[in-house]
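Inspection log for the structure reproduced underneath, given as structure tokens.
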Number of protein chains: 2
Amino acid sequence: MLVHMAEAGGRALTSEELSSFIHTNPVVVRRSIAGLREAGVVASSRGHGGGWQLGRAPERITLAEISSALGETLLPFSTEPESPGCLVEQAVIAALEGFRTEAERLLAEKLGRITLADLAADFRRRYDEIGVTSHAV
Amino acid sequence: MLVHMAEAGGRALTSEELSSFIHTNPVVVRRSIAGLREAGVVASSRGHGGGWQLGRAPERITLAEISSALGETLLPFSTEPESPGCLVEQAVIAALEGFRTEAERLLAEKLGRITLADLAADFRRRYDEIGVTSHAV
DNA sequence: AGATTCGTAACTAATTTAGTTACATGAAAC
DNA sequence: GTTTCATGTAACTAAATTAGTTACGAATCT
């Protein structure tokens with residue numbers, strides 16, 4: 001959806017339009033990207049001509065920010081204690097916390113190097129090359 | 001559960017025992033660690049005196065192997081195309097695949113340095129220090 | 001004033017996961 | 001060889017999560 005906004009040339013895209021791109025429902029779109037608004041990644045406006053657009057230049061939006069603004073975790077495991085007092089769990093969690101700290105730093109660093117402009121440029125390259133509609137099913 | 005096996009001194013632990021450690025059901029235990037058997041991380045035996053034990057020395061069992069044997073993904077996103085033909089999706093997937101390849105290598109490398117023996121040693125340290133039961137609720 | 005669009009609550013349906021029961025299979029003990 | 005114990009696995013239930021939908025209020029433009 002953000003790539004579409006980057007390609008929209010400043011025009012706001014409605015959640016109706018965005019939802020049709022990914023074959024889902026306008027309300028799902030609004031819910032999904034609400035977190036990006038608070039982070040300034042996108043801006044939404046109501047009423048006639050309203051909709052969604054990028055909150056700043058795509059060169060300044062990284063995948064790391066998007067992931068973080070969406071509240072996604074970069075690592076698919078929990079380190080919440082489930083049996084506080086269990087020393088085995090404590091040892092496991094200590095090891096995983098150490099891993100997580102270092103790993104998240106590495107992953108965020110890598111995702112921070114990929115910008116929305118990169119994705120848009122790659123999309124455009126594919127588009128110019130193949131020259132078909134961008135939303136084929 | 002694997003730390004418990006490492007601490008069991010070669011004795012097989014039943015899924016009944018293992019399940020009580022993590023407050024769940026024996027069948028859930030069997031289902032959960034079945035994948036570890038095929039990978040040789042654990043061995044199971046039936047009948048009297050049977051149960052579960054490590055398939056090799058804990059020094060030679062890494063968290064990377066465990067994660068892989070359980071079929072866990074190290075990164076919590078999918079790169080399966082949902083709309084083949086959509087050039088935007090293709091650009092996004094291409095970027096994520098590049099990231100995934102590099103990231104998974106990094107993560108596996110890090111997890112490969114943590115062995116079950118490390119966890120068991122840390123557990124033992126905590127145990128000797130505090131000197132209480134290892135399965136307090 | 002009327003049309004449009006987001007924001008959000010409330011509800012439904014589908015999917016996933018954990019937990020449970022049941023029973024067949026295999027192995028040790030006596 | 002029978003009994004006991006333990007895994008392997010299927011089948012079912014319950015709970016939690018997620019996606020989708022409807023409805024409607026609030027904001028904004030023409």
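Identifiers in this document derive from the order of the structure tokens: chains are assigned A, B, ..., residues are numbered from 1 separately in each chain, and ligands are numbered from 1 in order of occurrence.
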
(request) Extract, using only C-alpha atoms (C1' of nucleotides), all DNA, RNA and protein residues at most 7 Å from segment 1-18 of chain D, discarding same-chain residues fewer than 4 positions from it, and format them as number ranges by chain. (result) B: 45-48, 50-51

Residue subset to file, keeping N, CA and C atoms, as a short mmCIF file (atom, residue, chain, number, x, y, z; two decimals), in the first residue's frame:
```
data_model
loop_
_atom_site.label_atom_id
_atom_site.label_comp_id
_atom_site.auth_asym_id
_atom_site.auth_seq_id
_atom_site.Cartn_x
_atom_site.Cartn_y
_atom_site.Cartn_z
N SER B 45 11.95 -43.71 23.89
CA SER B 45 11.82 -45.16 23.99
C SER B 45 10.52 -45.49 24.71
N ARG B 46 9.93 -46.61 24.31
CA ARG B 46 8.64 -47.00 24.84
C ARG B 46 8.80 -47.95 26.01
N GLY B 47 7.69 -48.18 26.65
CA GLY B 47 7.64 -49.21 27.68
C GLY B 47 8.28 -48.81 29.00
N HIS B 48 8.42 -49.81 29.82
CA HIS B 48 8.93 -49.60 31.17
C HIS B 48 10.30 -48.93 31.15
N GLY B 50 10.96 -46.25 29.88
CA GLY B 50 11.12 -45.46 28.66
C GLY B 50 10.90 -43.98 28.91
N GLY B 51 10.91 -43.22 27.83
CA GLY B 51 10.73 -41.78 27.93
C GLY B 51 11.66 -41.07 26.96
#
```

(request) Would you mind writing down, as JSON, numbers by chain, each residue of chain B that DSSP on the backbone assigns to strand (DSSP E or B)? (result) {"B": [13, 42, 43, 44, 45, 51, 52, 53, 54, 62, 115]}

Create the file for the chosen residues now, containing all heavy atoms and written as a short mmCIF file (atom, residue, chain, number, x, y, z; two decimals), in the first residue's frame.
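In the end it all went to part_38.cif:
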```cif
data_model
loop_
_atom_site.label_atom_id
_atom_site.label_comp_id
_atom_site.auth_asym_id
_atom_site.auth_seq_id
_atom_site.Cartn_x
_atom_site.Cartn_y
_atom_site.Cartn_z
N LEU B 13 13.23 -39.28 30.73
CA LEU B 13 12.11 -38.60 31.39
C LEU B 13 10.84 -38.87 30.60
O LEU B 13 10.84 -38.77 29.36
CB LEU B 13 12.37 -37.09 31.45
CG LEU B 13 13.62 -36.65 32.22
CD1 LEU B 13 13.81 -35.14 32.10
CD2 LEU B 13 13.51 -37.05 33.69
N VAL B 42 16.72 -35.53 20.23
CA VAL B 42 16.29 -36.35 21.35
C VAL B 42 16.03 -37.77 20.85
O VAL B 42 15.91 -38.00 19.64
CB VAL B 42 14.98 -35.81 22.00
CG1 VAL B 42 15.18 -34.40 22.52
CG2 VAL B 42 13.82 -35.88 21.03
N ALA B 43 15.95 -38.70 21.78
CA ALA B 43 15.57 -40.08 21.45
C ALA B 43 14.46 -40.47 22.40
O ALA B 43 14.48 -40.09 23.57
CB ALA B 43 16.77 -41.01 21.61
N SER B 44 13.49 -41.19 21.89
CA SER B 44 12.39 -41.64 22.74
C SER B 44 12.36 -43.15 22.76
O SER B 44 12.72 -43.80 21.80
CB SER B 44 11.06 -41.08 22.22
OG SER B 44 10.77 -41.63 20.95
N SER B 45 11.95 -43.71 23.89
CA SER B 45 11.82 -45.16 23.99
C SER B 45 10.52 -45.49 24.71
O SER B 45 10.06 -44.74 25.56
CB SER B 45 13.01 -45.75 24.73
OG SER B 45 13.21 -45.07 25.96
N GLY B 51 10.91 -43.22 27.83
CA GLY B 51 10.73 -41.78 27.93
C GLY B 51 11.66 -41.07 26.96
O GLY B 51 11.98 -41.60 25.90
N TRP B 52 12.08 -39.90 27.35
CA TRP B 52 12.85 -39.04 26.45
C TRP B 52 14.22 -38.71 27.03
O TRP B 52 14.35 -38.42 28.22
CB TRP B 52 12.09 -37.73 26.21
CG TRP B 52 10.73 -37.94 25.63
CD1 TRP B 52 9.59 -38.26 26.31
CD2 TRP B 52 10.37 -37.84 24.25
NE1 TRP B 52 8.54 -38.36 25.44
CE2 TRP B 52 8.98 -38.11 24.17
CE3 TRP B 52 11.06 -37.54 23.08
CZ2 TRP B 52 8.29 -38.08 22.96
CZ3 TRP B 52 10.38 -37.52 21.88
CH2 TRP B 52 9.01 -37.79 21.83
N GLN B 53 15.22 -38.73 26.17
CA GLN B 53 16.54 -38.27 26.57
C GLN B 53 17.22 -37.61 25.38
O GLN B 53 16.75 -37.73 24.25
CB GLN B 53 17.38 -39.42 27.10
CG GLN B 53 17.36 -40.67 26.24
CD GLN B 53 17.79 -41.91 27.02
OE1 GLN B 53 18.78 -41.86 27.74
NE2 GLN B 53 17.04 -43.00 26.86
N LEU B 54 18.32 -36.94 25.67
CA LEU B 54 19.02 -36.25 24.58
C LEU B 54 19.61 -37.27 23.62
O LEU B 54 20.02 -38.35 24.02
CB LEU B 54 20.13 -35.37 25.15
CG LEU B 54 19.67 -34.20 26.02
CD1 LEU B 54 20.86 -33.35 26.44
CD2 LEU B 54 18.62 -33.35 25.31
N THR B 62 22.82 -27.27 19.40
CA THR B 62 22.74 -25.81 19.39
C THR B 62 21.29 -25.35 19.27
O THR B 62 20.42 -26.10 18.82
CB THR B 62 23.53 -25.21 18.21
OG1 THR B 62 22.83 -25.53 17.00
CG2 THR B 62 24.94 -25.76 18.16
N THR B 115 24.79 -23.44 22.90
CA THR B 115 24.50 -24.87 23.01
C THR B 115 23.61 -25.14 24.21
O THR B 115 23.47 -24.31 25.12
CB THR B 115 25.78 -25.70 23.17
OG1 THR B 115 26.33 -25.46 24.47
CG2 THR B 115 26.80 -25.34 22.11
#
```

(message) I'd like the interatomic distance between atom CA of Ile130 of chain A and atom CA of Pro84 of chain B, to a tenth of an Å.
(response) 14.0 Å

I want to know what sits within 7 Å of Ala91 of chain A, based on only C-alpha atoms (C1' of nucleotides), with residues of the same chain fewer than 4 positions away left out; could you give that as a short mmCIF file (atom, residue, chain, number, x, y, z; two decimals) with N, CA, C and O atoms, in the first residue's frame?
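Output file around-v3.cif is given in full below:
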```
data_model
loop_
_atom_site.label_atom_id
_atom_site.label_comp_id
_atom_site.auth_asym_id
_atom_site.auth_seq_id
_atom_site.Cartn_x
_atom_site.Cartn_y
_atom_site.Cartn_z
N LEU A 87 13.90 -21.91 37.48
CA LEU A 87 15.27 -21.55 37.12
C LEU A 87 15.63 -21.99 35.72
O LEU A 87 16.48 -21.39 35.07
N ALA A 95 19.29 -16.46 27.97
CA ALA A 95 20.00 -16.70 26.70
C ALA A 95 19.26 -16.05 25.54
O ALA A 95 19.87 -15.40 24.68
N LEU B 119 23.06 -23.50 28.29
CA LEU B 119 21.83 -23.28 29.06
C LEU B 119 21.86 -24.09 30.35
O LEU B 119 21.51 -23.59 31.42
N ASP B 122 24.13 -22.52 32.85
CA ASP B 122 23.54 -21.33 33.45
C ASP B 122 22.46 -21.72 34.45
O ASP B 122 22.36 -21.12 35.52
N PHE B 123 21.68 -22.72 34.11
CA PHE B 123 20.68 -23.22 35.05
C PHE B 123 21.35 -23.68 36.34
O PHE B 123 20.94 -23.32 37.44
#
```

(request) Select residues of chain C: the criterion is any atom within 10 Å of an atom of chain A, counting only C-alpha atoms (C1' of nucleotides); output as a PyMOL selection string. (result) chain C and resi 3-8

Hey, which bits of chain D sit within 9 Å of chain A, and for each residue what's the closest pair of atoms and how far apart in Å (one decimal), counting only C-alpha atoms (C1' of nucleotides), rows by chain and increasing number, as a Markdown table?
```
| residue | atom | partner | partner_atom | distance |
| --- | --- | --- | --- | --- |
| D:DA19 | C1' | A:Val28 | CA | 7.8 |
| D:DG20 | C1' | A:Asn25 | CA | 7.0 |
| D:DT21 | C1' | A:Asn25 | CA | 8.5 |
| D:DA27 | C1' | A:Arg46 | CA | 6.0 |
| D:DT28 | C1' | A:Gly47 | CA | 4.3 |
| D:DC29 | C1' | A:His48 | CA | 4.8 |
| D:DT30 | C1' | A:His48 | CA | 8.2 |
```

(message) Just list as a ChimeraX atom specification whatever in chain A DSSP marks as alpha helix (DSSP H).
(response) /A:2-7,15-21,26-38,63-69,87-111,116-130

(request) Mind giving me the straight-line distance from atom CA of Asp128 of chain A to atom CA of Ala57 of chain A in Å, one decimal? (result)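 About the pair atom CA of Asp128 of chain A and atom CA of Ala57 of chain A: they are 22.0 Å apart.
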
Report the closest atom pair, with its distance in Å rounded to one decimal, for each residue of chain B that has an atom no farther than 10 Å from chain A; count only C-alpha atoms, sort by chain and then rising residue number, and write it as a Markdown table.
```
| residue | atom | partner | partner_atom | distance |
| --- | --- | --- | --- | --- |
| B:Met1 | CA | A:Val88 | CA | 8.7 |
| B:Leu2 | CA | A:Val88 | CA | 9.8 |
| B:Val3 | CA | A:Val88 | CA | 7.0 |
| B:His4 | CA | A:Val88 | CA | 7.8 |
| B:Phe21 | CA | A:Cys86 | CA | 9.0 |
| B:Ile22 | CA | A:Ser83 | CA | 7.9 |
| B:His23 | CA | A:Ser83 | CA | 9.0 |
| B:Leu63 | CA | A:Leu96 | CA | 9.6 |
| B:Glu72 | CA | A:Pro76 | CA | 8.7 |
| B:Thr73 | CA | A:Pro76 | CA | 7.6 |
| B:Leu74 | CA | A:Leu75 | CA | 6.6 |
| B:Leu75 | CA | A:Leu75 | CA | 5.7 |
| B:Pro76 | CA | A:Pro76 | CA | 5.3 |
| B:Phe77 | CA | A:Leu74 | CA | 8.8 |
| B:Glu82 | CA | A:Ile22 | CA | 8.8 |
| B:Ser83 | CA | A:Val137 | CA | 5.4 |
| B:Pro84 | CA | A:Val137 | CA | 6.5 |
| B:Gly85 | CA | A:Ala136 | CA | 5.3 |
| B:Cys86 | CA | A:His135 | CA | 4.8 |
| B:Leu87 | CA | A:Ser134 | CA | 5.2 |
| B:Val88 | CA | A:Phe123 | CA | 5.6 |
| B:Glu89 | CA | A:Phe123 | CA | 8.5 |
| B:Gln90 | CA | A:Phe123 | CA | 7.6 |
| B:Ala91 | CA | A:Phe123 | CA | 5.3 |
| B:Val92 | CA | A:Leu119 | CA | 6.3 |
| B:Ile93 | CA | A:Leu119 | CA | 9.6 |
| B:Ala94 | CA | A:Asp122 | CA | 8.9 |
| B:Ala95 | CA | A:Leu119 | CA | 7.2 |
| B:Leu96 | CA | A:Leu111 | CA | 9.1 |
| B:Phe99 | CA | A:Lys110 | CA | 7.4 |
| B:Arg100 | CA | A:Leu107 | CA | 9.6 |
| B:Glu102 | CA | A:Lys110 | CA | 9.1 |
| B:Ala103 | CA | A:Leu107 | CA | 6.7 |
| B:Glu104 | CA | A:Leu107 | CA | 9.8 |
| B:Leu106 | CA | A:Ala103 | CA | 8.2 |
| B:Leu107 | CA | A:Ala103 | CA | 6.7 |
| B:Lys110 | CA | A:Phe99 | CA | 7.4 |
| B:Leu111 | CA | A:Phe99 | CA | 7.5 |
| B:Ile114 | CA | A:Ala95 | CA | 8.0 |
| B:Leu116 | CA | A:Val92 | CA | 9.5 |
| B:Asp118 | CA | A:Ala95 | CA | 8.7 |
| B:Leu119 | CA | A:Ala91 | CA | 5.9 |
| B:Ala120 | CA | A:Ala91 | CA | 7.7 |
| B:Ala121 | CA | A:Ala91 | CA | 8.7 |
| B:Asp122 | CA | A:Ala91 | CA | 5.7 |
| B:Phe123 | CA | A:Ala91 | CA | 5.3 |
| B:Arg124 | CA | A:Leu87 | CA | 8.6 |
| B:Arg125 | CA | A:Ala91 | CA | 9.3 |
| B:Arg126 | CA | A:Leu87 | CA | 6.6 |
| B:Tyr127 | CA | A:Leu87 | CA | 6.8 |
| B:Ile130 | CA | A:Leu87 | CA | 9.3 |
| B:Val132 | CA | A:Leu87 | CA | 8.8 |
| B:Thr133 | CA | A:Cys86 | CA | 8.0 |
| B:Ser134 | CA | A:Leu87 | CA | 5.2 |
| B:His135 | CA | A:Cys86 | CA | 4.8 |
| B:Ala136 | CA | A:Gly85 | CA | 5.3 |
| B:Val137 | CA | A:Ser83 | CA | 5.4 |
```

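Pairwise distance (atom C1' of DC11 of chain C, atom CA of Ala39 of chain A) equals 29.7 Å.
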